[in-house]
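Let me begin by presenting the structure, written as structure tokens, before commenting on it.
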Amino acid sequence: PGSVGQPRDGVPGAAYAIYRPRARAVELRRVAYDAEPVAERMRASGFPERLVKRLLMPA
């Protein structure tokens, strides 16, 4: 799924995986959140704009 804040499948929001070794199963999960406040904090903290854009419009 990519890193939690930067999914690589074009779907905004957080994505993560749970691996259950005994069952040999992987479960993909998503959590919706408003990325705009995070982007504002990133800009205020001096993050490069390319990273802010990646958060707001994942590729």
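Chain identifiers are assigned as A, B, and so on, following the order in which chains appear in the structure tokens; residues are numbered from 1 within each chain, and ligands are numbered from 1 in order of appearance.
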Subject >> Test item, strand (DSSP E or B) assignment across chain A, answer as a list in words >> reply: Gly2, Ser3, Gln6, Pro7, Ala14, Ala15, Tyr16, Ala17, Ile18, Tyr19, Arg20, Ala25, Val26, Glu27, Leu28, Arg29, Arg30 and Val31 of chain A
Residue selection dump (N, CA and C atoms) as a PDB file, in the first residue's frame:
ATOM      1  N   GLY A   2       2.135   1.218   0.156  1.00  0.00           N
ATOM      2  CA  GLY A   2       2.943   2.441   0.265  1.00  0.00           C
ATOM      3  C   GLY A   2       2.981   2.890   1.708  1.00  0.00           C
ATOM      4  N   SER A   3       3.621   4.009   1.941  1.00  0.00           N
ATOM      5  CA  SER A   3       3.637   4.512   3.312  1.00  0.00           C
ATOM      6  C   SER A   3       2.239   5.000   3.674  1.00  0.00           C
ATOM      7  N   GLN A   6       1.210   8.296   2.095  1.00  0.00           N
ATOM      8  CA  GLN A   6       1.447   8.491   0.671  1.00  0.00           C
ATOM      9  C   GLN A   6       1.140   7.220  -0.113  1.00  0.00           C
ATOM     10  N   PRO A   7      -0.137   6.857  -0.232  1.00  0.00           N
ATOM     11  CA  PRO A   7      -0.467   5.668  -0.993  1.00  0.00           C
ATOM     12  C   PRO A   7      -0.075   5.826  -2.455  1.00  0.00           C
ATOM     13  N   ALA A  14      -5.147   7.265   4.131  1.00  0.00           N
ATOM     14  CA  ALA A  14      -4.122   6.365   4.661  1.00  0.00           C
ATOM     15  C   ALA A  14      -4.457   4.927   4.283  1.00  0.00           C
ATOM     16  N   ALA A  15      -3.435   4.169   3.972  1.00  0.00           N
ATOM     17  CA  ALA A  15      -3.611   2.751   3.662  1.00  0.00           C
ATOM     18  C   ALA A  15      -2.543   1.968   4.407  1.00  0.00           C
ATOM     19  N   TYR A  16      -2.931   0.808   4.900  1.00  0.00           N
ATOM     20  CA  TYR A  16      -1.954  -0.045   5.574  1.00  0.00           C
ATOM     21  C   TYR A  16      -2.374  -1.496   5.416  1.00  0.00           C
ATOM     22  N   ALA A  17      -1.483  -2.395   5.762  1.00  0.00           N
ATOM     23  CA  ALA A  17      -1.749  -3.824   5.627  1.00  0.00           C
ATOM     24  C   ALA A  17      -1.538  -4.510   6.967  1.00  0.00           C
ATOM     25  N   ILE A  18      -2.329  -5.535   7.201  1.00  0.00           N
ATOM     26  CA  ILE A  18      -2.154  -6.393   8.369  1.00  0.00           C
ATOM     27  C   ILE A  18      -1.816  -7.779   7.849  1.00  0.00           C
ATOM     28  N   TYR A  19      -0.703  -8.296   8.316  1.00  0.00           N
ATOM     29  CA  TYR A  19      -0.281  -9.638   7.917  1.00  0.00           C
ATOM     30  C   TYR A  19      -0.551 -10.593   9.066  1.00  0.00           C
ATOM     31  N   ARG A  20      -1.248 -11.688   8.760  1.00  0.00           N
ATOM     32  CA  ARG A  20      -1.536 -12.718   9.747  1.00  0.00           C
ATOM     33  C   ARG A  20      -0.773 -13.977   9.338  1.00  0.00           C
ATOM     34  N   ALA A  25      -2.337 -14.724   5.557  1.00  0.00           N
ATOM     35  CA  ALA A  25      -3.283 -13.793   4.936  1.00  0.00           C
ATOM     36  C   ALA A  25      -2.806 -12.358   5.122  1.00  0.00           C
ATOM     37  N   VAL A  26      -3.107 -11.554   4.128  1.00  0.00           N
ATOM     38  CA  VAL A  26      -2.830 -10.121   4.184  1.00  0.00           C
ATOM     39  C   VAL A  26      -4.158  -9.398   4.013  1.00  0.00           C
ATOM     40  N   GLU A  27      -4.415  -8.461   4.904  1.00  0.00           N
ATOM     41  CA  GLU A  27      -5.636  -7.671   4.831  1.00  0.00           C
ATOM     42  C   GLU A  27      -5.252  -6.214   4.603  1.00  0.00           C
ATOM     43  N   LEU A  28      -5.752  -5.624   3.523  1.00  0.00           N
ATOM     44  CA  LEU A  28      -5.492  -4.218   3.224  1.00  0.00           C
ATOM     45  C   LEU A  28      -6.611  -3.372   3.817  1.00  0.00           C
ATOM     46  N   ARG A  29      -6.229  -2.300   4.496  1.00  0.00           N
ATOM     47  CA  ARG A  29      -7.217  -1.422   5.122  1.00  0.00           C
ATOM     48  C   ARG A  29      -6.979   0.022   4.711  1.00  0.00           C
ATOM     49  N   ARG A  30      -8.041   0.815   4.778  1.00  0.00           N
ATOM     50  CA  ARG A  30      -7.971   2.236   4.451  1.00  0.00           C
ATOM     51  C   ARG A  30      -8.621   3.045   5.565  1.00  0.00           C
ATOM     52  N   VAL A  31      -8.080   4.233   5.749  1.00  0.00           N
ATOM     53  CA  VAL A  31      -8.631   5.173   6.718  1.00  0.00           C
ATOM     54  C   VAL A  31      -8.707   6.533   6.032  1.00  0.00           C
TER      55      VAL A  31
END
Subject >> Residues of chain A in alpha helix (DSSP H), written as a VMD selection string >> reply: chain A and resid 35 to 44 49 to 56
Please write the residues from the selection above to a file, keeping N, CA and C atoms, as an mmCIF file, in the first residue's frame.
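Below you can see selection_19.cif, which holds the result:
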data_model
loop_
_atom_site.group_PDB
_atom_site.id
_atom_site.type_symbol
_atom_site.label_atom_id
_atom_site.label_comp_id
_atom_site.auth_asym_id
_atom_site.auth_seq_id
_atom_site.Cartn_x
_atom_site.Cartn_y
_atom_site.Cartn_z
ATOM 1 N N ALA A 35 -6.634 15.576 4.393
ATOM 2 C CA ALA A 35 -5.200 15.804 4.205
ATOM 3 C C ALA A 35 -4.835 17.287 4.168
ATOM 4 N N GLU A 36 -5.799 18.154 3.951
ATOM 5 C CA GLU A 36 -5.483 19.584 3.829
ATOM 6 C C GLU A 36 -4.849 20.165 5.093
ATOM 7 N N PRO A 37 -5.369 19.901 6.295
ATOM 8 C CA PRO A 37 -4.695 20.416 7.495
ATOM 9 C C PRO A 37 -3.269 19.879 7.650
ATOM 10 N N VAL A 38 -3.054 18.654 7.241
ATOM 11 C CA VAL A 38 -1.709 18.076 7.294
ATOM 12 C C VAL A 38 -0.799 18.816 6.318
ATOM 13 N N ALA A 39 -1.316 19.095 5.125
ATOM 14 C CA ALA A 39 -0.537 19.828 4.123
ATOM 15 C C ALA A 39 -0.170 21.221 4.631
ATOM 16 N N GLU A 40 -1.107 21.872 5.305
ATOM 17 C CA GLU A 40 -0.828 23.206 5.866
ATOM 18 C C GLU A 40 0.304 23.132 6.888
ATOM 19 N N ARG A 41 0.271 22.119 7.741
ATOM 20 C CA ARG A 41 1.336 21.963 8.745
ATOM 21 C C ARG A 41 2.667 21.632 8.081
ATOM 22 N N MET A 42 2.610 20.840 7.018
ATOM 23 C CA MET A 42 3.844 20.519 6.293
ATOM 24 C C MET A 42 4.470 21.786 5.717
ATOM 25 N N ARG A 43 3.639 22.624 5.093
ATOM 26 C CA ARG A 43 4.150 23.882 4.528
ATOM 27 C C ARG A 43 4.742 24.770 5.624
ATOM 28 N N ALA A 44 4.037 24.871 6.748
ATOM 29 C CA ALA A 44 4.507 25.706 7.858
ATOM 30 C C ALA A 44 5.817 25.181 8.442
ATOM 31 N N GLU A 49 7.514 21.547 -1.404
ATOM 32 C CA GLU A 49 6.170 21.557 -1.984
ATOM 33 C C GLU A 49 5.866 20.262 -2.737
ATOM 34 N N ARG A 50 6.872 19.636 -3.309
ATOM 35 C CA ARG A 50 6.630 18.372 -4.033
ATOM 36 C C ARG A 50 6.080 17.297 -3.097
ATOM 37 N N LEU A 51 6.502 17.301 -1.833
ATOM 38 C CA LEU A 51 5.983 16.325 -0.876
ATOM 39 C C LEU A 51 4.562 16.670 -0.447
ATOM 40 N N VAL A 52 4.285 17.957 -0.329
ATOM 41 C CA VAL A 52 2.924 18.388 0.001
ATOM 42 C C VAL A 52 1.979 17.972 -1.119
ATOM 43 N N LYS A 53 2.382 18.206 -2.358
ATOM 44 C CA LYS A 53 1.545 17.829 -3.504
ATOM 45 C C LYS A 53 1.341 16.323 -3.574
ATOM 46 N N ARG A 54 2.367 15.574 -3.243
ATOM 47 C CA ARG A 54 2.252 14.116 -3.261
ATOM 48 C C ARG A 54 1.205 13.651 -2.257
ATOM 49 N N LEU A 55 1.154 14.317 -1.114
ATOM 50 C CA LEU A 55 0.153 13.967 -0.107
ATOM 51 C C LEU A 55 -1.254 14.267 -0.611
ATOM 52 N N LEU A 56 -1.419 15.414 -1.266
ATOM 53 C CA LEU A 56 -2.743 15.848 -1.699
ATOM 54 C C LEU A 56 -3.218 15.164 -2.970
#
